[in-house]
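**Student:** Sharing model31.txt, compact mmCIF, C-alpha atoms and all ligand atoms:
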```
# COMPACT_ATOMS: atom_id res chain seq x y z
CA SER A 1 0.00 0.00 0.00
CA LEU A 2 1.04 3.59 -0.48
CA THR A 3 2.75 5.37 2.37
CA ALA A 4 3.95 8.83 3.32
CA GLY A 5 7.33 9.12 5.03
CA ILE A 6 7.83 11.58 7.87
CA VAL A 7 11.10 13.49 7.67
CA GLY A 8 12.58 16.50 9.46
CA LEU A 9 15.67 17.73 11.25
CA PRO A 10 16.32 16.52 14.80
CA ASN A 11 14.22 18.14 17.58
CA VAL A 12 11.47 19.49 15.34
CA GLY A 13 8.74 17.26 16.78
CA LYS A 14 8.77 14.23 14.46
CA SER A 15 8.65 11.63 17.21
CA THR A 16 5.97 13.55 19.08
CA LEU A 17 3.85 13.61 15.92
CA PHE A 18 4.58 10.00 15.07
CA ASN A 19 3.62 8.96 18.58
CA ALA A 20 0.33 10.80 18.16
CA ILE A 21 -0.18 8.84 14.95
CA THR A 22 0.47 5.44 16.52
CA GLN A 23 -1.56 6.45 19.58
CA ALA A 24 -4.56 7.35 17.42
CA GLY A 25 -4.04 4.37 15.16
CA ALA A 26 -6.12 1.25 15.37
CA VAL A 27 -3.55 -1.34 14.35
CA SER A 28 -5.56 -4.35 15.44
CA ALA A 29 -7.52 -7.03 13.71
CA ASN A 30 -9.21 -4.75 11.21
CA TYR A 31 -6.11 -4.35 9.12
CA PRO A 32 -4.52 -7.78 8.81
CA PHE A 33 -2.62 -6.73 5.69
CA ALA A 34 -1.00 -3.75 7.36
CA THR A 35 2.75 -3.74 7.61
CA ILE A 36 4.06 -4.94 10.95
CA ASP A 37 6.93 -2.54 11.45
CA PRO A 38 7.63 -0.26 14.41
CA ASN A 39 8.39 2.56 11.99
CA VAL A 40 4.97 2.35 10.41
CA GLY A 41 2.01 4.05 12.06
CA ILE A 42 -1.48 3.15 10.94
CA VAL A 43 -4.26 5.69 11.19
CA GLU A 44 -7.90 5.47 10.28
CA VAL A 45 -9.04 7.90 7.62
CA PRO A 46 -11.65 10.22 9.12
CA ASP A 47 -14.72 10.26 6.85
CA GLN A 48 -18.12 11.50 7.93
CA ARG A 49 -19.74 9.73 4.98
CA LEU A 50 -18.91 6.33 6.47
CA PHE A 51 -20.81 7.16 9.65
CA ASN A 52 -23.76 8.54 7.72
CA LEU A 53 -23.91 5.35 5.66
CA SER A 54 -23.74 3.35 8.83
CA GLU A 55 -26.70 5.29 10.29
CA LEU A 56 -28.63 4.44 7.15
CA VAL A 57 -27.81 0.75 6.92
CA GLN A 58 -27.45 -0.05 10.65
CA PRO A 59 -24.86 -2.80 10.15
CA GLN A 60 -23.28 -4.91 12.88
CA LYS A 61 -19.89 -3.41 12.20
CA THR A 62 -18.52 -0.19 10.73
CA ILE A 63 -14.93 -0.22 9.54
CA PRO A 64 -13.00 2.84 8.37
CA THR A 65 -10.18 2.55 5.89
CA ALA A 66 -6.61 3.01 7.06
CA PHE A 67 -3.55 4.84 5.96
CA GLU A 68 0.14 4.38 6.78
CA PHE A 69 2.82 6.83 7.80
CA THR A 70 6.45 5.75 7.91
CA ASP A 71 8.83 7.34 10.38
CA ILE A 72 12.07 8.01 8.55
CA ALA A 73 14.92 8.20 11.01
CA GLY A 74 18.52 8.78 10.11
CA ILE A 75 20.99 11.52 9.68
CA VAL A 76 20.01 14.22 7.27
CA GLU A 77 22.95 16.53 6.82
CA GLY A 78 25.64 15.08 4.59
CA ALA A 79 23.32 12.25 3.59
CA SER A 80 24.02 12.77 -0.09
CA LYS A 81 27.72 12.23 0.61
CA GLY A 82 26.65 8.70 1.29
CA GLU A 83 27.94 8.16 4.79
CA GLY A 84 26.41 5.35 6.83
CA LEU A 85 23.18 6.49 8.40
CA GLY A 86 22.77 9.30 5.91
CA ASN A 87 22.69 6.77 3.14
CA GLN A 88 20.00 4.88 5.02
CA PHE A 89 17.96 8.06 5.29
CA LEU A 90 17.96 8.46 1.52
CA SER A 91 17.17 4.81 0.83
CA HIS A 92 14.18 5.03 3.16
CA ILE A 93 12.88 8.06 1.34
CA ARG A 94 13.30 6.17 -1.91
CA GLN A 95 10.82 3.60 -0.64
CA VAL A 96 7.97 5.93 0.30
CA ASP A 97 5.45 7.40 -2.12
CA ALA A 98 5.22 10.88 -0.63
CA ILE A 99 7.07 13.02 1.87
CA THR A 100 5.65 14.59 5.02
CA HIS A 101 8.20 17.17 6.08
CA VAL A 102 7.92 18.36 9.69
CA VAL A 103 9.25 21.87 10.25
CA ARG A 104 9.83 23.47 13.63
CA CYS A 105 7.95 26.73 14.05
CA PHE A 106 7.62 26.60 17.85
CA ALA A 107 9.95 28.62 20.03
CA ASP A 108 11.09 26.88 23.20
CA ASP A 109 14.35 27.89 24.81
CA ASP A 110 14.58 24.58 26.60
CA ILE A 111 14.71 22.63 23.39
CA THR A 112 17.89 22.92 21.44
CA HIS A 113 17.67 23.58 17.77
CA VAL A 114 20.38 21.87 15.71
CA SER A 115 21.46 25.07 14.02
CA GLY A 116 20.92 27.24 17.10
CA ARG A 117 17.83 29.15 16.00
CA VAL A 118 14.33 28.49 14.77
CA ASP A 119 14.45 29.21 11.06
CA PRO A 120 11.96 27.06 9.14
CA ILE A 121 13.16 27.95 5.66
CA SER A 122 16.76 27.18 6.42
CA ASP A 123 15.61 23.85 7.92
CA ILE A 124 13.58 22.99 4.86
CA GLU A 125 16.45 23.88 2.57
CA THR A 126 18.88 21.76 4.54
CA ILE A 127 16.85 18.63 3.91
CA ASN A 128 15.77 19.49 0.41
CA LEU A 129 19.35 20.19 -0.60
CA GLU A 130 20.41 16.69 0.43
CA LEU A 131 17.62 15.24 -1.68
CA ILE A 132 18.51 17.47 -4.63
CA LEU A 133 22.18 16.48 -4.41
CA ALA A 134 21.22 12.80 -4.34
CA ASP A 135 19.08 13.33 -7.46
CA LEU A 136 21.88 15.24 -9.15
CA GLU A 137 24.07 12.22 -8.61
CA THR A 138 21.43 9.93 -10.14
CA VAL A 139 21.31 12.14 -13.23
CA THR A 140 25.09 12.52 -13.47
CA LYS A 141 25.50 8.75 -13.36
CA ARG A 142 22.91 8.23 -16.08
CA LEU A 143 24.21 10.88 -18.49
CA PRO A 144 27.33 9.08 -19.86
CA LYS A 145 25.23 5.97 -20.55
CA VAL A 146 22.73 7.99 -22.54
CA GLU A 147 25.50 9.82 -24.41
CA LYS A 148 26.85 6.45 -25.47
CA LEU A 149 23.43 5.41 -26.76
CA MET A 150 23.15 8.67 -28.69
CA LYS A 151 26.33 7.86 -30.53
CA GLN A 152 24.61 4.68 -31.68
CA LYS A 153 21.86 6.86 -33.17
CA ASP A 154 19.31 5.72 -30.61
CA LYS A 155 16.31 8.07 -31.01
CA ASP A 156 14.94 7.59 -27.50
CA ALA A 157 18.36 8.47 -26.13
CA GLN A 158 18.08 11.95 -27.63
CA TYR A 159 14.79 12.51 -25.78
CA GLU A 160 16.17 11.18 -22.56
CA TYR A 161 19.28 13.33 -22.89
CA GLU A 162 17.15 16.46 -23.09
CA VAL A 163 15.26 15.44 -19.97
CA LEU A 164 18.46 14.72 -18.09
CA GLU A 165 19.97 18.06 -19.07
CA LYS A 166 16.84 19.87 -17.94
CA LEU A 167 16.94 18.09 -14.61
CA LYS A 168 20.65 18.70 -14.14
CA GLU A 169 20.20 22.40 -14.73
CA ALA A 170 17.39 22.54 -12.17
CA PHE A 171 19.31 20.58 -9.55
CA GLU A 172 22.35 22.79 -9.99
CA ALA A 173 20.09 25.76 -9.31
CA GLU A 174 18.86 23.90 -6.19
CA GLN A 175 15.38 23.33 -7.60
CA PRO A 176 13.53 20.07 -6.90
CA ALA A 177 12.28 17.99 -9.84
CA ARG A 178 8.66 18.55 -8.78
CA ALA A 179 9.02 22.26 -9.51
CA ILE A 180 9.76 21.62 -13.20
CA GLU A 181 7.17 21.12 -15.89
CA PHE A 182 7.50 18.14 -18.17
CA THR A 183 5.49 16.89 -21.10
CA LYS A 184 3.83 13.50 -20.78
CA GLU A 185 6.50 12.01 -23.01
CA GLN A 186 9.31 13.48 -20.92
CA MET A 187 7.64 12.35 -17.72
CA LYS A 188 8.20 8.72 -18.72
CA TYR A 189 11.94 9.27 -18.57
CA VAL A 190 11.71 11.27 -15.37
CA LYS A 191 9.76 8.45 -13.71
CA SER A 192 12.29 5.83 -14.74
CA LEU A 193 14.94 7.67 -12.70
CA HIS A 194 13.09 7.19 -9.36
CA LEU A 195 14.06 10.63 -8.17
CA LEU A 196 13.54 11.74 -4.58
CA THR A 197 12.53 15.32 -5.36
CA ILE A 198 9.74 14.28 -7.73
CA LYS A 199 7.75 12.75 -4.87
CA PRO A 200 4.86 14.89 -3.69
CA ILE A 201 5.56 16.74 -0.47
CA LEU A 202 3.47 18.16 2.34
CA TYR A 203 4.96 20.51 4.93
CA VAL A 204 3.82 20.23 8.53
CA ALA A 205 4.41 23.47 10.42
CA ASN A 206 4.76 22.49 14.08
CA VAL A 207 3.72 25.48 16.18
CA GLY A 208 3.69 25.99 19.94
CA GLU A 209 0.62 25.10 22.00
CA ASP A 210 -0.17 28.78 22.57
CA GLU A 211 0.16 29.63 18.88
CA LEU A 212 -2.31 27.15 17.49
CA LEU A 213 -5.20 29.61 17.28
CA GLU A 214 -3.23 32.46 15.78
CA ALA A 215 -1.32 30.32 13.32
CA ASP A 216 -2.33 32.57 10.44
CA GLU A 217 -0.52 35.48 12.02
CA ASN A 218 2.54 33.42 12.77
CA GLU A 219 5.42 34.76 10.72
CA LYS A 220 7.22 31.42 10.55
CA VAL A 221 4.10 29.64 9.35
CA GLN A 222 3.72 32.31 6.67
CA GLN A 223 7.28 31.69 5.50
CA VAL A 224 6.61 27.97 5.19
CA LYS A 225 3.40 28.65 3.27
CA GLU A 226 5.16 30.92 0.81
CA TYR A 227 7.95 28.45 0.27
CA ALA A 228 5.49 25.61 -0.26
CA ALA A 229 3.38 27.61 -2.70
CA ASN A 230 6.41 28.11 -4.92
CA GLU A 231 6.77 24.35 -5.18
CA GLY A 232 3.08 23.69 -5.52
CA ALA A 233 3.13 21.87 -2.16
CA GLY A 234 0.64 22.00 0.72
CA VAL A 235 1.04 23.03 4.36
CA ILE A 236 -0.72 21.74 7.47
CA VAL A 237 -0.36 23.55 10.79
CA VAL A 238 -0.25 21.37 13.90
CA CYS A 239 0.99 21.49 17.44
CA ALA A 240 2.53 18.06 17.82
CA LYS A 241 2.32 18.25 21.61
CA VAL A 242 -1.41 18.99 21.54
CA GLU A 243 -1.94 16.30 18.88
CA SER A 244 -0.43 13.70 21.18
CA GLU A 245 -3.04 14.69 23.80
CA ILE A 246 -5.91 14.67 21.30
CA ALA A 247 -4.83 11.26 20.04
CA GLU A 248 -5.57 9.73 23.43
CA LEU A 249 -9.22 10.70 23.13
CA GLU A 250 -12.11 9.40 21.05
CA GLY A 251 -15.65 10.36 20.12
CA GLU A 252 -17.42 12.74 22.52
CA GLU A 253 -14.33 13.33 24.63
CA LYS A 254 -12.30 14.27 21.59
CA ALA A 255 -15.01 16.61 20.32
CA GLU A 256 -15.21 18.33 23.70
CA PHE A 257 -11.46 18.78 23.93
CA LEU A 258 -11.30 20.26 20.42
CA ASP A 259 -14.12 22.57 21.42
CA GLU A 260 -12.19 23.72 24.49
CA LEU A 261 -9.15 24.37 22.35
CA GLY A 262 -11.31 26.27 19.91
CA ILE A 263 -10.30 24.21 16.88
CA GLU A 264 -12.62 22.56 14.41
CA GLU A 265 -10.61 19.62 13.24
CA ALA A 266 -7.61 17.92 14.82
CA GLY A 267 -4.37 18.69 12.97
CA LEU A 268 -3.73 14.99 12.64
CA ASP A 269 -7.05 14.47 10.86
CA GLN A 270 -6.19 17.30 8.48
CA LEU A 271 -2.79 15.74 7.93
CA ILE A 272 -4.29 12.32 7.15
CA LYS A 273 -6.73 13.79 4.65
CA ALA A 274 -4.11 15.95 2.95
CA SER A 275 -1.68 13.03 2.70
CA TYR A 276 -4.38 10.78 1.28
CA ASP A 277 -5.08 13.41 -1.33
CA MET A 278 -1.42 13.97 -2.13
CA LEU A 279 -1.05 10.27 -2.88
CA GLY A 280 -3.98 10.31 -5.29
CA LEU A 281 -6.06 8.09 -3.04
CA ALA A 282 -9.83 8.00 -2.77
CA THR A 283 -12.49 5.96 -0.96
CA PHE A 284 -15.25 3.65 -2.07
CA PHE A 285 -17.69 1.90 0.26
CA THR A 286 -19.29 -1.47 0.65
CA ALA A 287 -22.54 -1.42 2.59
CA GLY A 288 -24.07 -4.69 3.76
CA GLU A 289 -26.11 -5.53 6.82
CA GLN A 290 -23.13 -7.21 8.40
CA GLU A 291 -20.64 -4.53 7.68
CA VAL A 292 -20.37 -1.04 6.28
CA ARG A 293 -16.83 -0.38 5.27
CA ALA A 294 -14.61 2.20 3.60
CA TRP A 295 -11.86 1.05 1.21
CA THR A 296 -8.92 2.94 -0.21
CA PHE A 297 -8.23 2.86 -3.93
CA LYS A 298 -5.98 4.78 -6.26
CA LYS A 299 -7.79 7.30 -8.44
CA GLY A 300 -8.12 5.94 -11.96
CA MET A 301 -8.59 2.31 -10.91
CA THR A 302 -11.11 0.24 -12.82
CA ALA A 303 -13.91 -1.68 -11.09
CA PRO A 304 -12.04 -5.03 -11.14
CA GLN A 305 -8.91 -3.36 -9.72
CA ALA A 306 -10.95 -1.79 -6.94
CA ALA A 307 -12.52 -5.20 -6.27
CA GLY A 308 -8.96 -6.49 -5.92
CA VAL A 309 -8.42 -4.10 -3.01
CA ILE A 310 -10.93 -6.22 -1.08
CA HIS A 311 -9.69 -9.59 -2.24
CA SER A 312 -7.70 -10.87 -5.20
CA ASP A 313 -10.50 -13.42 -5.85
CA PHE A 314 -12.90 -10.53 -6.39
CA GLU A 315 -10.64 -9.14 -9.09
CA ARG A 316 -10.06 -12.49 -10.80
CA GLY A 317 -13.72 -13.49 -10.83
CA PHE A 318 -15.13 -10.02 -11.43
CA ILE A 319 -18.47 -9.96 -13.25
CA ARG A 320 -19.89 -6.51 -12.51
CA ALA A 321 -20.16 -3.78 -9.96
CA GLU A 322 -23.56 -2.68 -8.73
CA THR A 323 -22.83 0.95 -8.08
CA VAL A 324 -24.58 3.94 -6.56
CA SER A 325 -22.98 7.22 -5.60
CA TYR A 326 -22.94 8.14 -1.91
CA ASP A 327 -25.01 11.27 -2.60
CA ASP A 328 -27.69 9.40 -4.56
CA LEU A 329 -27.95 6.71 -1.92
CA MET A 330 -28.25 9.19 0.95
CA GLU A 331 -30.84 11.16 -0.94
CA ALA A 332 -32.89 8.04 -1.71
CA GLY A 333 -32.70 6.95 1.91
CA SER A 334 -32.32 3.24 1.16
CA MET A 335 -30.75 0.94 -1.42
CA ALA A 336 -34.20 -0.25 -2.54
CA LYS A 337 -35.35 3.32 -3.09
CA ALA A 338 -32.16 4.18 -4.98
CA LYS A 339 -32.82 1.19 -7.27
CA GLU A 340 -36.38 2.33 -7.84
CA GLN A 341 -35.10 5.75 -8.82
CA GLY A 342 -32.77 4.15 -11.33
CA ASN A 343 -29.62 5.35 -9.57
CA VAL A 344 -28.05 1.95 -9.06
CA ARG A 345 -25.97 1.18 -12.14
CA LEU A 346 -24.50 -2.10 -13.32
CA GLU A 347 -20.94 -1.29 -14.24
CA GLY A 348 -18.55 -3.54 -16.15
CA LYS A 349 -14.81 -4.13 -16.42
CA GLU A 350 -14.00 -0.75 -17.93
CA TYR A 351 -15.71 1.35 -15.29
CA ILE A 352 -13.45 3.86 -13.53
CA VAL A 353 -14.40 3.90 -9.85
CA LYS A 354 -15.19 7.29 -8.33
CA ASP A 355 -14.64 8.65 -4.85
CA GLY A 356 -17.78 7.98 -2.80
CA ASP A 357 -19.09 5.08 -4.89
CA VAL A 358 -21.03 2.52 -2.88
CA ILE A 359 -20.38 -0.80 -4.59
CA HIS A 360 -21.66 -4.31 -4.46
CA PHE A 361 -19.33 -6.57 -6.45
CA ARG A 362 -20.65 -9.60 -8.29
CA PHE A 363 -18.04 -12.22 -8.98
CA ASN A 364 -17.43 -15.88 -9.81
CA VAL A 365 -15.53 -17.92 -7.27
P1 LIG B 401 12.33 14.83 16.79
O1 LIG B 401 13.77 14.79 17.14
O2 LIG B 401 12.09 15.63 15.56
O3 LIG B 401 11.68 13.50 16.76
O4 LIG B 401 11.63 15.70 17.93
P2 LIG B 401 10.79 15.26 19.21
O5 LIG B 401 9.43 14.86 18.83
O6 LIG B 401 11.58 14.31 20.03
O7 LIG B 401 10.67 16.68 19.93
C1 LIG B 401 11.81 17.34 20.44
C2 LIG B 401 11.40 18.10 21.65
O8 LIG B 401 10.51 19.14 21.27
C3 LIG B 401 10.69 17.26 22.69
O9 LIG B 401 11.13 17.68 23.97
C4 LIG B 401 9.24 17.61 22.46
O10 LIG B 401 8.47 17.51 23.66
C5 LIG B 401 9.33 19.06 22.01
N1 LIG B 401 8.18 19.43 21.17
C6 LIG B 401 7.68 18.78 20.09
N2 LIG B 401 6.61 19.41 19.61
C7 LIG B 401 6.42 20.49 20.40
C8 LIG B 401 5.46 21.54 20.42
O11 LIG B 401 4.54 21.59 19.60
N3 LIG B 401 5.61 22.49 21.40
C9 LIG B 401 6.62 22.44 22.31
N4 LIG B 401 6.73 23.38 23.22
N5 LIG B 401 7.50 21.47 22.32
C10 LIG B 401 7.42 20.49 21.39
```
Can you dump the structure from the file as structure tokens?
**Tutor:**
Amino acid sequence: SLTAGIVGLPNVGKSTLFNAITQAGAVSANYPFATIDPNVGIVEVPDQRLFNLSELVQPQKTIPTAFEFTDIAGIVEGASKGEGLGNQFLSHIRQVDAITHVVRCFADDDITHVSGRVDPISDIETINLELILADLETVTKRLPKVEKLMKQKDKDAQYEYEVLEKLKEAFEAEQPARAIEFTKEQMKYVKSLHLLTIKPILYVANVGEDELLEADENEKVQQVKEYAANEGAGVIVVCAKVESEIAELEGEEKAEFLDELGIEEAGLDQLIKASYDMLGLATFFTAGEQEVRAWTFKKGMTAPQAAGVIHSDFERGFIRAETVSYDDLMEAGSMAKAKEQGNVRLEGKEYIVKDGDVIHFRFNV
């Protein structure tokens, strides 16, 4: 499954945030396919629609879908020089599908900052530079091979060479690959390089507990937002310390605590949703009397592929997908009513599943 890796300089609040994630996470029996790894935190994806569906159907069980964060430890500075733990840091980033970059915006004289002062942009650049240098090396290694192919009059090599040169120029100007525009054709070559700076990134501005409400006026948060906008990246504001307290609560208690704090939605919930989005993930539902359940699929998946998320047998034996959109079903008030109104469709193998589809798969065993 797709995962977002949490990175950041030492002492910025990564562990505090990751602990909040594992605290809130329901590892348990619901997610037997989840990775068993202490560096992976599983969180349930908050989705009001699931609970509304559950109210409608009154099943025995309601099961949210889950999402994984990976805690990426290791030494950041000098990582691209390939020394021991630094190397490990880069190889871990290579394995994740998106980057969640925690940035310290809180001031606390008791907590040492690695570079001696709280400067979010300089922190971001420190990490990003290591990733850019690692990508520059990837490109520099590839170039002589492609030049050789060009001498053999290989047409594709000419295309690839142009892409590599474009990337090299950007990296030398300390720009990440994600900031550059490529044509669809060029993107094929970019993808084949497995670059680190092409992965989508989300910045998490970690503010102090007393700054949570005025985050918009926080100068450091503003700096992070500006920086992110230039890259086309998103920003979530959290207070990791408060999140670890929220994560211990559920339901009513959680709602009351958020109310006391004066915030609408827990930072962690915002972070989960934004990460889900960044990875191109969406949710479909199954709604039976036994169980109403949310499932994660990748946008663009066909009906059989989405069936495969539930079980590989469902994909192999796929016949059709009885599908109704969440909105249509809620408006009808029951599955029978939705059928009467002609809103339950029989979709075949080519159907592209949409976010919010409520599906009943028919399959051969
Ligand atoms: P890591 O090295 O990035 O994993 O950072 P930690 O999560 O261990 O946090 C470093 C220190 O900063 C710890 O003492 C945390 O309690 C503290 N810290 C983390 N988040 C906050 C915060 O939002 N406010 C304050 N005041 N301290 C925090």
**Student:** Per residue of chain A within 8 Å of ligand LIG 401 (chain B), what are the shortest atom pair and its distance in Å to one decimal, counting only C-alpha atoms and all ligand atoms, with rows by chain and residue number, as JSON lines?
**Tutor:**
```
{"residue": "A:Gly8", "atom": "CA", "partner": "B:LIG401", "partner_atom": "O2", "distance": 6.2}
{"residue": "A:Leu9", "atom": "CA", "partner": "B:LIG401", "partner_atom": "O2", "distance": 6.0}
{"residue": "A:Pro10", "atom": "CA", "partner": "B:LIG401", "partner_atom": "O1", "distance": 3.9}
{"residue": "A:Asn11", "atom": "CA", "partner": "B:LIG401", "partner_atom": "O1", "distance": 3.4}
{"residue": "A:Val12", "atom": "CA", "partner": "B:LIG401", "partner_atom": "O2", "distance": 3.9}
{"residue": "A:Gly13", "atom": "CA", "partner": "B:LIG401", "partner_atom": "O5", "distance": 3.2}
{"residue": "A:Lys14", "atom": "CA", "partner": "B:LIG401", "partner_atom": "O2", "distance": 3.8}
{"residue": "A:Ser15", "atom": "CA", "partner": "B:LIG401", "partner_atom": "O3", "distance": 3.6}
{"residue": "A:Thr16", "atom": "CA", "partner": "B:LIG401", "partner_atom": "O5", "distance": 3.7}
{"residue": "A:Leu17", "atom": "CA", "partner": "B:LIG401", "partner_atom": "O5", "distance": 6.4}
{"residue": "A:Phe18", "atom": "CA", "partner": "B:LIG401", "partner_atom": "O5", "distance": 7.8}
{"residue": "A:Val102", "atom": "CA", "partner": "B:LIG401", "partner_atom": "O2", "distance": 7.7}
{"residue": "A:Arg104", "atom": "CA", "partner": "B:LIG401", "partner_atom": "N2", "distance": 7.9}
{"residue": "A:Phe106", "atom": "CA", "partner": "B:LIG401", "partner_atom": "N3", "distance": 5.8}
{"residue": "A:Ala107", "atom": "CA", "partner": "B:LIG401", "partner_atom": "N4", "distance": 6.9}
{"residue": "A:Asp108", "atom": "CA", "partner": "B:LIG401", "partner_atom": "N4", "distance": 5.6}
{"residue": "A:Ile111", "atom": "CA", "partner": "B:LIG401", "partner_atom": "O8", "distance": 5.9}
{"residue": "A:Asn206", "atom": "CA", "partner": "B:LIG401", "partner_atom": "O11", "distance": 5.6}
{"residue": "A:Val207", "atom": "CA", "partner": "B:LIG401", "partner_atom": "O11", "distance": 5.2}
{"residue": "A:Gly208", "atom": "CA", "partner": "B:LIG401", "partner_atom": "N3", "distance": 4.3}
{"residue": "A:Glu209", "atom": "CA", "partner": "B:LIG401", "partner_atom": "N3", "distance": 5.7}
{"residue": "A:Val238", "atom": "CA", "partner": "B:LIG401", "partner_atom": "O11", "distance": 7.4}
{"residue": "A:Cys239", "atom": "CA", "partner": "B:LIG401", "partner_atom": "O11", "distance": 4.2}
{"residue": "A:Ala240", "atom": "CA", "partner": "B:LIG401", "partner_atom": "O11", "distance": 4.4}
{"residue": "A:Lys241", "atom": "CA", "partner": "B:LIG401", "partner_atom": "O11", "distance": 4.5}
{"residue": "A:Val242", "atom": "CA", "partner": "B:LIG401", "partner_atom": "O11", "distance": 6.8}
```
**Student:** Kindly export the residues of the current selection with C-alpha atoms, as a JSON list (two decimals), keeping the file's coordinate frame.
**Tutor:**
```json
[["chain", "number", "residue", "atom", "x", "y", "z"],
["A", 8, "GLY", "CA", 12.58, 16.50, 9.46],
["A", 9, "LEU", "CA", 15.67, 17.73, 11.25],
["A", 10, "PRO", "CA", 16.32, 16.52, 14.80],
["A", 11, "ASN", "CA", 14.22, 18.14, 17.58],
["A", 12, "VAL", "CA", 11.47, 19.49, 15.34],
["A", 13, "GLY", "CA", 8.74, 17.26, 16.78],
["A", 14, "LYS", "CA", 8.77, 14.23, 14.46],
["A", 15, "SER", "CA", 8.65, 11.63, 17.21],
["A", 16, "THR", "CA", 5.97, 13.55, 19.08],
["A", 17, "LEU", "CA", 3.85, 13.61, 15.92],
["A", 18, "PHE", "CA", 4.58, 10.00, 15.07],
["A", 102, "VAL", "CA", 7.92, 18.36, 9.69],
["A", 104, "ARG", "CA", 9.83, 23.47, 13.63],
["A", 106, "PHE", "CA", 7.62, 26.60, 17.85],
["A", 107, "ALA", "CA", 9.95, 28.62, 20.03],
["A", 108, "ASP", "CA", 11.09, 26.88, 23.20],
["A", 111, "ILE", "CA", 14.71, 22.63, 23.39],
["A", 206, "ASN", "CA", 4.76, 22.49, 14.08],
["A", 207, "VAL", "CA", 3.72, 25.48, 16.18],
["A", 208, "GLY", "CA", 3.69, 25.99, 19.94],
["A", 209, "GLU", "CA", 0.62, 25.10, 22.00],
["A", 238, "VAL", "CA", -0.25, 21.37, 13.90],
["A", 239, "CYS", "CA", 0.99, 21.49, 17.44],
["A", 240, "ALA", "CA", 2.53, 18.06, 17.82],
["A", 241, "LYS", "CA", 2.32, 18.25, 21.61],
["A", 242, "VAL", "CA", -1.41, 18.99, 21.54]]
```
**Student:** Find, counting all atoms listed in the file, the residue in A:Lys81, A:Lys155, A:Arg345, A:Arg178 that gets nearest to Glu137 of chain A.
**Tutor:**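 Of all the options, A:Lys81 lies closest to Glu137 of chain A.
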**Student:** Quick one: residues within 12 Å of (-11.4, 7.3, 8.9) (file frame), counting only C-alpha atoms, please, as a ChimeraX atom specification.
**Tutor:** /A:24-26,42-51,62-67,268-270,272-273,276,282-283,285,293-296
**Student:** Point out the residue among A:Asp328, A:Glu160, A:Glu130, A:Glu68 with the least atom-to-atom distance to Leu2 of chain A, counting all atoms listed in the file.
**Tutor:** A:Glu68
**Student:** Taking into account all atoms listed in the file, which residue in the set A:Ala336, A:Leu213, A:Ala73, A:Leu329 is nearest to Ile93 of chain A?
**Tutor:**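 Smallest separation from Ile93 of chain A among the options: A:Ala73.
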**Student:** Would you kindly return, as a VMD selection string, each protein, DNA or RNA residue with an atom no farther than 10 Å from any atom of Glu264 of chain A, considering only C-alpha atoms and excluding same-chain residues fewer than 4 positions away?
**Tutor:** chain A and resid 255 258 to 259
**Student:** Can you work out which one of A:Thr112, A:Ser312, A:Thr70, A:Gln305 has the shortest atom-to-atom distance to Gln95 of chain A, counting all atoms listed in the file?
**Tutor:**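 Ranking A:Thr112, A:Ser312, A:Thr70, A:Gln305 by distance to Gln95 of chain A, first place goes to A:Thr70.
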**Student:** Any idea what the distance is between atom CA of Lys337 of chain A and atom CA of Ala307 of chain A?
**Tutor:** 24.6 Å
**Student:** List the neighbours of Glu169 of chain A out to 12 Å using all atoms listed in the file; skip same-chain residues closer than 5 positions along the sequence, and give me the result as number ranges by chain.
**Tutor:** A: 132, 135-136, 139-140, 162-164, 174-177, 180
**Student:** At most 9 Å from (15.8, 21.5, 6.1), file frame, only C-alpha atoms: which residues, as an NGL selection string?
**Tutor:** :A and (8-9 or 76-77 or 101 or 103 or 120-130)
**Student:** When you draw a straight line from atom CA of Glu185 of chain A to atom CA of Ala233 of chain A, how long is it in Å?
**Tutor:**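 Taking atom CA of Glu185 of chain A as the start and atom CA of Ala233 of chain A as the end point, the length is 23.3 Å.
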**Student:** Quick one: pull the distance between atom CA of Gln23 of chain A and atom CA of Ile6 of chain A, Å, one decimal.
**Tutor:**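 Here the two named atoms are 15.9 Å from each other.
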**Student:** Can you take the partial segment 348-354 of chain A, add N, CA and C atoms, and return it as a PDB file, in the coordinates of the input?
**Tutor:**
```
ATOM      1  N   GLY A 348     -19.391  -2.418 -15.698  1.00  0.00           N
ATOM      2  CA  GLY A 348     -18.550  -3.540 -16.150  1.00  0.00           C
ATOM      3  C   GLY A 348     -17.065  -3.300 -15.915  1.00  0.00           C
ATOM      4  N   LYS A 349     -16.272  -4.110 -16.624  1.00  0.00           N
ATOM      5  CA  LYS A 349     -14.810  -4.130 -16.420  1.00  0.00           C
ATOM      6  C   LYS A 349     -14.103  -2.817 -16.670  1.00  0.00           C
ATOM      7  N   GLU A 350     -14.702  -1.975 -17.537  1.00  0.00           N
ATOM      8  CA  GLU A 350     -14.000  -0.750 -17.930  1.00  0.00           C
ATOM      9  C   GLU A 350     -14.304   0.418 -17.001  1.00  0.00           C
ATOM     10  N   TYR A 351     -15.260   0.225 -16.124  1.00  0.00           N
ATOM     11  CA  TYR A 351     -15.710   1.350 -15.290  1.00  0.00           C
ATOM     12  C   TYR A 351     -14.593   1.876 -14.395  1.00  0.00           C
ATOM     13  N   ILE A 352     -14.434   3.207 -14.397  1.00  0.00           N
ATOM     14  CA  ILE A 352     -13.450   3.860 -13.530  1.00  0.00           C
ATOM     15  C   ILE A 352     -14.167   4.259 -12.231  1.00  0.00           C
ATOM     16  N   VAL A 353     -13.738   3.680 -11.142  1.00  0.00           N
ATOM     17  CA  VAL A 353     -14.400   3.900  -9.850  1.00  0.00           C
ATOM     18  C   VAL A 353     -14.203   5.346  -9.393  1.00  0.00           C
ATOM     19  N   LYS A 354     -15.261   5.899  -8.785  1.00  0.00           N
ATOM     20  CA  LYS A 354     -15.190   7.290  -8.330  1.00  0.00           C
ATOM     21  C   LYS A 354     -15.209   7.358  -6.809  1.00  0.00           C
TER      22      LYS A 354
END
```
